[in-house]
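What follows is a short report on a single structure.
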Amino acid sequence: MKQADRSAHATPINLERLDELLRGLSIEEKAGLTAGIDAWHACGATSVGLEPMLTLDGPNGIRGVTFPVGSSATCTPCGTALGATWDTDLVHEVAARIGFEAKRAGVHYMLGPVLNLVRSPLGGRDFESFAEDPVLAAVLGAAYVEGMQSEGVAATPKHYVANDSETHRTSVDCRVDERTLREVYLVPFEAAANVGAWSIMAAYNRVNGIHCADHDHLVGEILKREWAWDGVLMSDWHGADETVAGAVAGLDLEMPGPPHVYGPHLAAAVRRGEVSEAVLDDKARRVLLLAARVGALTQEGTRVGRPAVGRPAVGPRLDPAKPWHLSDAEASALVRRVAAESFVLLTNDGTLPLAPAAIRKVAVIGPNSARPCSQGGGAAHIAAPPAVTPLDGLRAALPGVEIVHEPACQIGLFLPPLTAADVRDLDGRPGLTVQFFRGQETAGEPHAAWHIDSSEMHFFGDLPKGLAQDDFSVRLSGWLTPSVSGSYELAIRGAGARRLRVDGTVAANLWDAPPGDNIPTALFESRQDGAKFDLQAGKRVLIEAELHSAAYAPHLLAIGCRSPESNDQLERAVEAARAADVAIVVVGTDESWDTEGRDRKTVTLPGRQDELVERVAAVNPRTIVVVNAGCPMDLPWADRVAAVLYAWLPGQEFGNALADVLLGKSEPGGRLPVTIAARESDYPALSTTPDEQGQLVYVEGINLGYRHFDAAGIEPRFCFGHGLGYTRIEFESLEVSADGLASGDSAQLKVRLRNTGTRAGKEVVQVYVADLESSVARPPRELKGFAAVHLAPGESTEVFLTLEDRDLAYWDDAAGGWRIEPGRFEILVGASSRDIRLRASLELE
């Protein structure tokens, strides 16, 4: 893995001038720079021309919680989808687009990308990560950082480090040996630091007994001194633990505000002599440097900062009084192209691509066919344009074909939220009304009112002006007109005091409930309370949910509704498939399963989806299964259907991209960034639950993912790097620049490919290395390089890759450094970790 040249990241401000500004600040002013002032702004300093800097979530788009109500931003494919492209240029382009929209909206730094690894298939935030492999995650993560920062917006890789699951994430003690940290979990962050990430976020969890924000070995020794990184290390939200320990270790910025650990608390610690002023100066200097890099620092009225190199201008100034719609046709085309490049064709008996001329009737069935999961839940969830569903995409692409649709089954962990399609607000418009009140009771005239499209709302720093986060109440209302008579289940979900009424009847009353004591997980509360009501078709009822704040904390308010289920729902889907020329079954998860805040309990698809696939395949041999999930799921029926396409969480253009791939307009360009096991017990790390001591031991060590399957001789259902295309690309030859390699040198690889098929196609050249004479246990093979290649029919090309001496090294705990042993190494080049096409050897002298 070739390291980037850090000289490309020169400071946009003279360092002497930076020190001059620093000398003009008091201890209190410098300490103020180390803390947030509210939920989303870091503190400014008017004396040096520093405006408060705005930060927002969003590895897959901008989570515009501070934007005008009704705003939206482009929703790109999730992390595992980007990982499945194996394409650095594409990831760079996606990040640059997000950066461009962030810049238009006045955002200074974005919280992403996620550089944690897919350690367990049960990890709730797996969908935000790029891969199970450190090198794939590192290279793509570095490309994301450079793409984002090319627009003058800081990237914030997160969560440093070993924050690979959600169960007890704020308190879990991840026990990871030093070699595993160095060879696996630190690799992506080292790459991000090496390309000059302007900011990094510390994780909530402990590593080997110490909170990450207070970890001098990980932060002070490795990140700041060994890697010589000059950016700002910020806490995760409410993740700063101790003033002195954090300051000495190297945490630079506590978020959000008002501060509990830094700010005046840090100034007091400096005054008492518990923290040196030199330590405080280093933090303030880093914040000022970040401000200069993102253009938030001014000198004598002139803005200082690196101009974006992506686009020359950000477009017209956005009106703060009107909703912002940052996405456009260019963004939609990009998302559509990236989604197709991420779809992994796992199996295909020749049914794909479909020939429209030969199709008269298509059954589009499954729970995700008309209600897809285009993005995950939690901090990654954004307000986006309506996603194109698989059903809509196929209808648009097949105008002359009869398309029948059946959802077949339900999959949600919670009751489905009410949407604009289900309810009308108090003014009769599709959607719901939100009314805000001052104080703890929803009484009197509302202070403000919003119109929204969904019955799930988060409140954290995004309240109407004039309301305090710790002293407001809110009412969410909508008229529901049932389409059929029967028993309806209605429930409220939230954090803190709340209640639900249906036509004046109390369905749930938790008005005296205390606020959640675990602030970082309060937004992802899993409890729901409600009742069942017998409703009549055509007779509307008023649904009202209320909440009041009792503390300065995040709040969640959500209404769920489940209509009467038809007993023959699955039967109708099977009959629709029986009568169709082709059955397209879209299965998967939703935002209650792929989400921040909780891990899954199993890799089995929720609900009766496995049964659905089995029964449809039994009546229609041309059954195509599309898996809409951001994580590895069990696919027990994969060898009994015509084709399986893994679609991840593909963003707002899901349906259009799916139609492009199924009909052959686009190549299924993805390759698995994870291993899909044949049995749940085959995964090297499955449980995400800490033991009685609060420890989660990384017992698999360096053998994460495919390395474990190789070392243990276990055959996966689908191996890491696997993916099929619609053409044939041959690996013709491999040349290595030299048979011998001295320490400090690099080896050049030349791989020749040829498209021998009749269609244009894509191949991902994957380079693995095996140490044949190691004195310590090493994985049978390790990914060390890759390249995505597109070839026209009959076209050939040569792909050049470089192996550095570090690619042959292992971490020597005894010596405390990287060790490169002389001996023989095998170089394996292929189309996946198990499909090796070419081999060569290399002698390290």
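Just remember, in the structure tokens the first chain shown is A, the second B, etc., residues are 1-based per chain, and ligands are 1-based in the order shown.
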Practice item. Apply DSSP to the structure's backbone, then extract all residues of range 168-405 of chain A labelled helix (DSSP H, G or I) and return them as a PyMOL selection string. Key: chain A and resi 178-185+187-194+212-214+216-226+243-249+264-271+277-294+329-342+356-358+378-380+390-397
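Scanning range 210-334 of chain A with DSSP on the backbone, the strand (DSSP E) assignments fall on Ile210, His211, Val232, Leu233, Met234, Leu297, Thr298, Gln299, Thr302, Arg303 and Val304 of chain A.
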Check your understanding: Which polymer residues have any atom within 12 Å of an atom of Asp771 in chain A, counting only C-alpha atoms, with same-chain residues fewer than 3 positions away left out, as a PyMOL selection string?
Key -> chain A and resi 768+774-782+807-810+820-828+841-844
File of the preceding selection, N, CA, C and O atoms, as a JSON list (two decimals), in the first residue's frame:
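Result file is out24.json:
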```json
[["chain", "number", "residue", "atom", "x", "y", "z"],
["A", 768, "TYR", "N", -2.59, -10.07, -3.37],
["A", 768, "TYR", "CA", -2.39, -10.62, -2.03],
["A", 768, "TYR", "C", -0.94, -11.06, -1.89],
["A", 768, "TYR", "O", -0.28, -11.42, -2.87],
["A", 774, "SER", "N", 7.99, -17.08, 7.40],
["A", 774, "SER", "CA", 7.89, -16.20, 8.57],
["A", 774, "SER", "C", 8.20, -16.96, 9.85],
["A", 774, "SER", "O", 7.87, -18.14, 9.99],
["A", 775, "SER", "N", 8.82, -16.26, 10.79],
["A", 775, "SER", "CA", 9.11, -16.85, 12.09],
["A", 775, "SER", "C", 7.93, -16.71, 13.05],
["A", 775, "SER", "O", 7.96, -17.28, 14.15],
["A", 776, "VAL", "N", 6.92, -15.95, 12.65],
["A", 776, "VAL", "CA", 5.71, -15.80, 13.47],
["A", 776, "VAL", "C", 4.51, -16.19, 12.61],
["A", 776, "VAL", "O", 4.58, -16.21, 11.38],
["A", 777, "ALA", "N", 3.42, -16.49, 13.30],
["A", 777, "ALA", "CA", 2.19, -16.84, 12.57],
["A", 777, "ALA", "C", 1.67, -15.63, 11.82],
["A", 777, "ALA", "O", 1.51, -14.55, 12.39],
["A", 778, "ARG", "N", 1.40, -15.81, 10.53],
["A", 778, "ARG", "CA", 0.84, -14.75, 9.71],
["A", 778, "ARG", "C", -0.34, -15.31, 8.92],
["A", 778, "ARG", "O", -0.43, -16.53, 8.69],
["A", 779, "PRO", "N", -1.26, -14.49, 8.49],
["A", 779, "PRO", "CA", -2.37, -14.98, 7.68],
["A", 779, "PRO", "C", -1.87, -15.65, 6.40],
["A", 779, "PRO", "O", -0.82, -15.27, 5.87],
["A", 780, "PRO", "N", -2.59, -16.65, 5.89],
["A", 780, "PRO", "CA", -2.17, -17.31, 4.65],
["A", 780, "PRO", "C", -1.99, -16.34, 3.49],
["A", 780, "PRO", "O", -1.15, -16.55, 2.62],
["A", 781, "ARG", "N", -2.80, -15.30, 3.46],
["A", 781, "ARG", "CA", -2.65, -14.24, 2.44],
["A", 781, "ARG", "C", -3.27, -12.96, 2.98],
["A", 781, "ARG", "O", -4.23, -12.99, 3.74],
["A", 782, "GLU", "N", -2.69, -11.83, 2.56],
["A", 782, "GLU", "CA", -3.19, -10.53, 2.98],
["A", 782, "GLU", "C", -3.28, -9.61, 1.77],
["A", 782, "GLU", "O", -2.34, -9.53, 0.97],
["A", 807, "ASP", "N", 4.60, -3.44, 3.13],
["A", 807, "ASP", "CA", 3.58, -4.43, 2.77],
["A", 807, "ASP", "C", 4.02, -5.85, 3.10],
["A", 807, "ASP", "O", 3.20, -6.78, 3.13],
["A", 808, "LEU", "N", 5.30, -6.04, 3.33],
["A", 808, "LEU", "CA", 5.84, -7.36, 3.65],
["A", 808, "LEU", "C", 6.13, -7.52, 5.14],
["A", 808, "LEU", "O", 6.58, -8.58, 5.58],
["A", 809, "ALA", "N", 5.87, -6.46, 5.92],
["A", 809, "ALA", "CA", 6.28, -6.43, 7.32],
["A", 809, "ALA", "C", 5.17, -6.92, 8.25],
["A", 809, "ALA", "O", 4.00, -6.95, 7.88],
["A", 810, "TYR", "N", 5.58, -7.25, 9.46],
["A", 810, "TYR", "CA", 4.63, -7.51, 10.54],
["A", 810, "TYR", "C", 5.07, -6.70, 11.75],
["A", 810, "TYR", "O", 6.22, -6.22, 11.82],
["A", 820, "ILE", "N", 10.68, -6.55, 8.99],
["A", 820, "ILE", "CA", 10.65, -7.16, 7.66],
["A", 820, "ILE", "C", 11.71, -8.26, 7.65],
["A", 820, "ILE", "O", 12.92, -7.98, 7.64],
["A", 821, "GLU", "N", 11.25, -9.48, 7.65],
["A", 821, "GLU", "CA", 12.17, -10.62, 7.69],
["A", 821, "GLU", "C", 12.63, -11.00, 6.29],
["A", 821, "GLU", "O", 11.82, -11.04, 5.36],
["A", 822, "PRO", "N", 13.90, -11.28, 6.13],
["A", 822, "PRO", "CA", 14.37, -11.82, 4.84],
["A", 822, "PRO", "C", 13.68, -13.15, 4.56],
["A", 822, "PRO", "O", 13.28, -13.87, 5.47],
["A", 823, "GLY", "N", 13.53, -13.44, 3.30],
["A", 823, "GLY", "CA", 12.94, -14.72, 2.93],
["A", 823, "GLY", "C", 12.08, -14.59, 1.69],
["A", 823, "GLY", "O", 12.06, -13.58, 1.00],
["A", 824, "ARG", "N", 11.34, -15.68, 1.43],
["A", 824, "ARG", "CA", 10.56, -15.78, 0.21],
["A", 824, "ARG", "C", 9.10, -15.37, 0.47],
["A", 824, "ARG", "O", 8.48, -15.83, 1.44],
["A", 825, "PHE", "N", 8.58, -14.55, -0.43],
["A", 825, "PHE", "CA", 7.19, -14.12, -0.38],
["A", 825, "PHE", "C", 6.51, -14.52, -1.69],
["A", 825, "PHE", "O", 7.10, -14.41, -2.76],
["A", 826, "GLU", "N", 5.27, -14.95, -1.57],
["A", 826, "GLU", "CA", 4.49, -15.26, -2.77],
["A", 826, "GLU", "C", 3.52, -14.12, -3.05],
["A", 826, "GLU", "O", 2.85, -13.61, -2.14],
["A", 827, "ILE", "N", 3.45, -13.71, -4.30],
["A", 827, "ILE", "CA", 2.53, -12.68, -4.75],
["A", 827, "ILE", "C", 1.41, -13.36, -5.52],
["A", 827, "ILE", "O", 1.67, -14.09, -6.49],
["A", 828, "LEU", "N", 0.18, -13.13, -5.07],
["A", 828, "LEU", "CA", -0.99, -13.79, -5.67],
["A", 828, "LEU", "C", -1.90, -12.71, -6.23],
["A", 828, "LEU", "O", -2.33, -11.81, -5.50],
["A", 841, "SER", "N", 6.86, -14.98, -7.19],
["A", 841, "SER", "CA", 7.53, -14.97, -5.89],
["A", 841, "SER", "C", 8.56, -13.85, -5.86],
["A", 841, "SER", "O", 9.01, -13.35, -6.89],
["A", 842, "LEU", "N", 8.92, -13.50, -4.64],
["A", 842, "LEU", "CA", 9.83, -12.39, -4.43],
["A", 842, "LEU", "C", 10.73, -12.72, -3.25],
["A", 842, "LEU", "O", 10.25, -13.17, -2.21],
["A", 843, "GLU", "N", 12.03, -12.52, -3.41],
["A", 843, "GLU", "CA", 12.99, -12.79, -2.35],
["A", 843, "GLU", "C", 13.35, -11.47, -1.68],
["A", 843, "GLU", "O", 13.79, -10.52, -2.34],
["A", 844, "LEU", "N", 13.15, -11.40, -0.38],
["A", 844, "LEU", "CA", 13.53, -10.22, 0.37],
["A", 844, "LEU", "C", 14.88, -10.47, 1.00],
["A", 844, "LEU", "O", 15.06, -11.42, 1.76]]
```
Point to revise | For range 203-210 of chain A: contacts at 8 Å, only C-alpha atoms, fewer than 4 positions along chain excluded, given as a PyMOL selection string | key: chain A and resi 158-163+169-176+214-215+235-236+239
If you keep all heavy atoms, can you produce a file of those selected residues as a tab-separated table (two decimals), in the first residue's frame?
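Once written, again-v2.tsv looks like this:
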```tsv
chain	number	residue	atom	x	y	z
A	158	LYS	N	-13.54	8.65	11.63
A	158	LYS	CA	-13.99	8.22	12.95
A	158	LYS	C	-14.18	6.70	12.94
A	158	LYS	O	-14.23	6.10	11.85
A	158	LYS	CB	-15.29	8.94	13.32
A	158	LYS	CG	-16.46	8.72	12.32
A	158	LYS	CD	-17.66	9.54	12.69
A	158	LYS	CE	-18.85	9.20	11.78
A	158	LYS	NZ	-20.04	10.02	12.10
A	159	HIS	N	-14.21	6.06	14.08
A	159	HIS	CA	-14.06	6.52	15.45
A	159	HIS	C	-12.78	5.87	15.96
A	159	HIS	O	-12.69	4.64	16.00
A	159	HIS	CB	-15.24	6.10	16.29
A	159	HIS	CG	-16.59	6.43	15.66
A	159	HIS	ND1	-17.18	5.64	14.69
A	159	HIS	CD2	-17.44	7.48	15.84
A	159	HIS	CE1	-18.34	6.17	14.32
A	159	HIS	NE2	-18.52	7.29	15.00
A	160	TYR	N	-11.82	6.67	16.34
A	160	TYR	CA	-10.47	6.24	16.69
A	160	TYR	C	-10.45	5.73	18.13
A	160	TYR	O	-10.52	6.52	19.05
A	160	TYR	CB	-9.52	7.42	16.53
A	160	TYR	CG	-8.06	7.14	16.71
A	160	TYR	CD1	-7.33	6.54	15.69
A	160	TYR	CD2	-7.40	7.51	17.87
A	160	TYR	CE1	-5.97	6.30	15.83
A	160	TYR	CE2	-6.04	7.27	18.02
A	160	TYR	CZ	-5.34	6.67	17.00
A	160	TYR	OH	-3.98	6.43	17.14
A	161	VAL	N	-10.37	4.38	18.36
A	161	VAL	CA	-10.20	3.28	17.45
A	161	VAL	C	-10.89	2.07	18.08
A	161	VAL	O	-11.21	2.08	19.26
A	161	VAL	CB	-8.70	3.01	17.19
A	161	VAL	CG1	-8.00	2.58	18.45
A	161	VAL	CG2	-8.44	1.99	16.10
A	162	ALA	N	-11.09	0.98	17.29
A	162	ALA	CA	-11.72	-0.26	17.75
A	162	ALA	C	-13.16	-0.04	18.20
A	162	ALA	O	-13.66	-0.72	19.09
A	162	ALA	CB	-10.91	-0.93	18.86
A	163	ASN	N	-13.86	0.90	17.57
A	163	ASN	CA	-15.28	1.15	17.84
A	163	ASN	C	-16.08	0.40	16.77
A	163	ASN	O	-16.70	1.00	15.90
A	163	ASN	CB	-15.55	2.65	17.78
A	163	ASN	CG	-16.94	3.06	18.26
A	163	ASN	OD1	-17.26	4.24	18.30
A	163	ASN	ND2	-17.77	2.09	18.60
A	169	ARG	N	-21.53	0.70	23.82
A	169	ARG	CA	-20.42	1.32	23.10
A	169	ARG	C	-19.74	2.43	23.89
A	169	ARG	O	-18.58	2.74	23.63
A	169	ARG	CB	-20.90	1.89	21.78
A	169	ARG	CG	-21.93	3.01	21.90
A	169	ARG	CD	-22.26	3.60	20.55
A	169	ARG	NE	-23.28	4.64	20.67
A	169	ARG	CZ	-23.52	5.54	19.75
A	169	ARG	NH1	-22.83	5.53	18.63
A	169	ARG	NH2	-24.46	6.44	19.91
A	170	THR	N	-20.43	3.05	24.86
A	170	THR	CA	-19.80	4.13	25.62
A	170	THR	C	-18.98	3.62	26.80
A	170	THR	O	-18.23	4.39	27.39
A	170	THR	CB	-20.86	5.11	26.14
A	170	THR	OG1	-21.76	4.41	27.00
A	170	THR	CG2	-21.63	5.74	24.99
A	171	SER	N	-19.13	2.35	27.12
A	171	SER	CA	-18.42	1.83	28.29
A	171	SER	C	-17.61	0.57	28.01
A	171	SER	O	-16.75	0.20	28.82
A	171	SER	CB	-19.43	1.52	29.41
A	171	SER	OG	-20.37	0.54	28.99
A	172	VAL	N	-17.84	-0.09	26.88
A	172	VAL	CA	-17.17	-1.35	26.60
A	172	VAL	C	-15.65	-1.16	26.58
A	172	VAL	O	-15.14	-0.14	26.10
A	172	VAL	CB	-17.65	-1.94	25.26
A	172	VAL	CG1	-17.34	-1.01	24.10
A	172	VAL	CG2	-17.05	-3.31	25.01
A	173	ASP	N	-14.95	-2.14	27.11
A	173	ASP	CA	-13.49	-2.14	27.10
A	173	ASP	C	-13.03	-3.15	26.06
A	173	ASP	O	-13.10	-4.36	26.28
A	173	ASP	CB	-12.96	-2.53	28.50
A	173	ASP	CG	-11.45	-2.53	28.57
A	173	ASP	OD1	-10.80	-2.05	27.62
A	173	ASP	OD2	-10.91	-3.01	29.59
A	174	CYS	N	-12.60	-2.67	24.90
A	174	CYS	CA	-12.15	-3.54	23.82
A	174	CYS	C	-10.71	-3.97	24.09
A	174	CYS	O	-9.81	-3.12	24.13
A	174	CYS	CB	-12.26	-2.83	22.48
A	174	CYS	SG	-13.96	-2.40	22.05
A	175	ARG	N	-10.52	-5.26	24.27
A	175	ARG	CA	-9.20	-5.79	24.58
A	175	ARG	C	-8.53	-6.25	23.29
A	175	ARG	O	-8.91	-7.27	22.70
A	175	ARG	CB	-9.31	-6.94	25.58
A	175	ARG	CG	-9.77	-6.48	26.96
A	175	ARG	CD	-8.63	-5.82	27.71
A	175	ARG	NE	-9.08	-5.10	28.89
A	175	ARG	CZ	-8.27	-4.72	29.89
A	175	ARG	NH1	-6.98	-5.02	29.81
A	175	ARG	NH2	-8.74	-4.06	30.91
A	176	VAL	N	-7.55	-5.49	22.84
A	176	VAL	CA	-6.90	-5.73	21.56
A	176	VAL	C	-5.40	-5.68	21.76
A	176	VAL	O	-4.86	-4.68	22.27
A	176	VAL	CB	-7.31	-4.66	20.51
A	176	VAL	CG1	-6.94	-5.12	19.11
A	176	VAL	CG2	-8.78	-4.32	20.60
A	214	ASP	N	-8.84	9.59	26.26
A	214	ASP	CA	-7.82	9.81	27.29
A	214	ASP	C	-6.59	8.92	27.09
A	214	ASP	O	-5.75	8.80	27.98
A	214	ASP	CB	-8.40	9.49	28.68
A	214	ASP	CG	-9.65	10.28	28.98
A	214	ASP	OD1	-9.79	11.40	28.45
A	214	ASP	OD2	-10.50	9.78	29.75
A	215	HIS	N	-6.47	8.32	25.90
A	215	HIS	CA	-5.50	7.25	25.68
A	215	HIS	C	-4.17	7.83	25.18
A	215	HIS	O	-3.99	8.07	23.99
A	215	HIS	CB	-6.05	6.25	24.67
A	215	HIS	CG	-5.60	4.85	24.90
A	215	HIS	ND1	-4.28	4.47	24.86
A	215	HIS	CD2	-6.32	3.71	25.15
A	215	HIS	CE1	-4.20	3.17	25.07
A	215	HIS	NE2	-5.41	2.69	25.26
A	235	SER	N	-13.70	14.89	20.39
A	235	SER	CA	-14.42	13.80	21.04
A	235	SER	C	-15.65	13.44	20.22
A	235	SER	O	-16.16	14.25	19.43
A	235	SER	CB	-14.87	14.23	22.44
A	235	SER	OG	-15.94	15.18	22.36
A	236	ASP	N	-16.12	12.20	20.37
A	236	ASP	CA	-17.46	11.90	19.91
A	236	ASP	C	-18.41	12.66	20.84
A	236	ASP	O	-18.01	13.13	21.92
A	236	ASP	CB	-17.72	10.39	19.96
A	236	ASP	CG	-18.82	9.95	19.01
A	236	ASP	OD1	-19.66	10.80	18.65
A	236	ASP	OD2	-18.85	8.77	18.63
A	239	GLY	N	-18.39	12.43	24.52
A	239	GLY	CA	-17.42	11.36	24.74
A	239	GLY	C	-16.14	11.80	25.41
A	239	GLY	O	-15.21	11.00	25.52
```
**Study point:** Selection near Tyr726 in chain A, 9 Å with only C-alpha atoms, sequence-local residues under 3 positions removed, as number ranges by chain
**Key:** A: 352-353, 664, 667-668, 757-762
Same residues, C-alpha atoms, output as a PDB file, in the first residue's frame:
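Done, and the output landed in result02.pdb:
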```
ATOM      1  CA  LEU A 352     -29.076 -11.735 -16.144  1.00  0.00           C
ATOM      2  CA  PRO A 353     -29.004  -9.398 -17.875  1.00  0.00           C
ATOM      3  CA  GLY A 664     -27.762  -4.796 -18.746  1.00  0.00           C
ATOM      4  CA  GLU A 667     -22.356  -3.612 -15.389  1.00  0.00           C
ATOM      5  CA  PRO A 668     -22.766  -4.955 -11.822  1.00  0.00           C
ATOM      6  CA  GLY A 757     -16.221 -11.186 -24.034  1.00  0.00           C
ATOM      7  CA  THR A 758     -18.691  -9.310 -26.178  1.00  0.00           C
ATOM      8  CA  ARG A 759     -19.637  -6.627 -23.647  1.00  0.00           C
ATOM      9  CA  ALA A 760     -17.808  -3.846 -21.859  1.00  0.00           C
ATOM     10  CA  GLY A 761     -16.999  -4.870 -18.304  1.00  0.00           C
ATOM     11  CA  LYS A 762     -15.153  -4.263 -15.071  1.00  0.00           C
TER      12      LYS A 762
END
```
Exercise for review: For Asp610 in chain A, please output as a PyMOL selection string all residues within 9 Å (counting only C-alpha atoms; exclusion window: fewer than 6 positions along the same chain).
Suggested key: chain A and resi 587+604+635-637
Export of prior selection with all heavy atoms as a PDB file, in the first residue's frame:
```
ATOM      1  N   VAL A 587     -35.333  -8.346  -0.871  1.00  0.00           N
ATOM      2  CA  VAL A 587     -35.344  -8.633   0.561  1.00  0.00           C
ATOM      3  C   VAL A 587     -34.267  -7.797   1.242  1.00  0.00           C
ATOM      4  O   VAL A 587     -33.467  -7.147   0.584  1.00  0.00           O
ATOM      5  CB  VAL A 587     -35.099 -10.129   0.831  1.00  0.00           C
ATOM      6  CG1 VAL A 587     -36.208 -10.982   0.247  1.00  0.00           C
ATOM      7  CG2 VAL A 587     -33.734 -10.569   0.278  1.00  0.00           C
ATOM      8  N   THR A 604     -29.672 -13.765  10.184  1.00  0.00           N
ATOM      9  CA  THR A 604     -30.843 -14.206   9.422  1.00  0.00           C
ATOM     10  C   THR A 604     -31.678 -13.001   9.014  1.00  0.00           C
ATOM     11  O   THR A 604     -31.886 -12.080   9.813  1.00  0.00           O
ATOM     12  CB  THR A 604     -31.696 -15.159  10.272  1.00  0.00           C
ATOM     13  OG1 THR A 604     -30.906 -16.291  10.643  1.00  0.00           O
ATOM     14  CG2 THR A 604     -32.919 -15.632   9.502  1.00  0.00           C
ATOM     15  N   LEU A 635     -27.566 -16.214   3.447  1.00  0.00           N
ATOM     16  CA  LEU A 635     -28.273 -16.442   2.182  1.00  0.00           C
ATOM     17  C   LEU A 635     -28.387 -17.947   1.931  1.00  0.00           C
ATOM     18  O   LEU A 635     -27.771 -18.492   1.017  1.00  0.00           O
ATOM     19  CB  LEU A 635     -27.518 -15.766   1.029  1.00  0.00           C
ATOM     20  CG  LEU A 635     -27.093 -14.306   1.232  1.00  0.00           C
ATOM     21  CD1 LEU A 635     -26.254 -13.822   0.055  1.00  0.00           C
ATOM     22  CD2 LEU A 635     -28.307 -13.413   1.431  1.00  0.00           C
ATOM     23  N   PRO A 636     -29.181 -18.654   2.723  1.00  0.00           N
ATOM     24  CA  PRO A 636     -29.205 -20.124   2.640  1.00  0.00           C
ATOM     25  C   PRO A 636     -29.758 -20.665   1.331  1.00  0.00           C
ATOM     26  O   PRO A 636     -29.545 -21.828   1.002  1.00  0.00           O
ATOM     27  CB  PRO A 636     -30.091 -20.527   3.831  1.00  0.00           C
ATOM     28  CG  PRO A 636     -30.978 -19.336   4.048  1.00  0.00           C
ATOM     29  CD  PRO A 636     -30.121 -18.150   3.729  1.00  0.00           C
ATOM     30  N   TRP A 637     -30.485 -19.849   0.565  1.00  0.00           N
ATOM     31  CA  TRP A 637     -31.139 -20.256  -0.671  1.00  0.00           C
ATOM     32  C   TRP A 637     -30.356 -19.829  -1.909  1.00  0.00           C
ATOM     33  O   TRP A 637     -30.849 -19.950  -3.030  1.00  0.00           O
ATOM     34  CB  TRP A 637     -32.529 -19.613  -0.726  1.00  0.00           C
ATOM     35  CG  TRP A 637     -32.560 -18.292  -0.017  1.00  0.00           C
ATOM     36  CD1 TRP A 637     -33.059 -18.030   1.218  1.00  0.00           C
ATOM     37  CD2 TRP A 637     -31.990 -17.051  -0.485  1.00  0.00           C
ATOM     38  NE1 TRP A 637     -32.856 -16.705   1.560  1.00  0.00           N
ATOM     39  CE2 TRP A 637     -32.204 -16.081   0.528  1.00  0.00           C
ATOM     40  CE3 TRP A 637     -31.315 -16.658  -1.643  1.00  0.00           C
ATOM     41  CZ2 TRP A 637     -31.771 -14.763   0.415  1.00  0.00           C
ATOM     42  CZ3 TRP A 637     -30.875 -15.344  -1.755  1.00  0.00           C
ATOM     43  CH2 TRP A 637     -31.107 -14.417  -0.742  1.00  0.00           C
TER      44      TRP A 637
END
```
Review point. What's the 7 Å shell around range 644-655 of chain A, counting only C-alpha atoms, without same-chain residues fewer than 4 positions away, as a PyMOL selection string?
Key: chain A and resi 75-78+80-81+332+335-336+339+343-348+373-375+385-394+624-630+638+659
Study note, to complete from the structure: Here CA of Leu21 in chain A and CA of Gly44 in chain A stand apart by 13.2 Å
Review point. At what distance in Å, to one decimal, does CA of Gly273 in chain A lie from CA of Thr46 in chain A?
Key: 26.9 Å
Check your understanding: Which residue gives the smallest distance to Ala815 in chain A among A:Thr602, A:Glu178, A:Ala573, A:Thr167, with only C-alpha atoms counted?
Key ->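 The closest residue to Ala815 in chain A is A:Glu178.
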Practice item. Find, counting only C-alpha atoms, the residue in A:Leu663, A:Leu289, A:Leu783, A:Ala770 that gets nearest to Ala137 in chain A. Key: A:Leu783
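Remark: for Pro259 in chain A, the closest of the candidate residues A:Asp349, A:Asp38, A:Asp319, A:Glu128 is A:Asp38 (distances computed over only C-alpha atoms).
Here CA of Arg562 in chain A stands at a distance of 11.9 Å from CA of Leu535 in chain A.
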Check your understanding: So, counting only C-alpha atoms, which residue among A:Trp324, A:Trp86, A:Trp479, A:Phe718 is closest to Gly670 in chain A?
Key ->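 Closest residue, counting only C-alpha atoms: A:Trp86.
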Point to revise | Nearest-residue call for Thr688 in chain A, choices A:Lys601, A:Arg839, A:Ala102, A:Gly196, using only C-alpha atoms | key: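 Ranking A:Lys601, A:Arg839, A:Ala102, A:Gly196 by distance to Thr688 in chain A, first place goes to A:Lys601.
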Review point. Which is closest to Lys665 in chain A among A:Ser455, A:Ala355, A:Asp216, A:Glu773, if we use only C-alpha atoms?
Key: A:Ala355
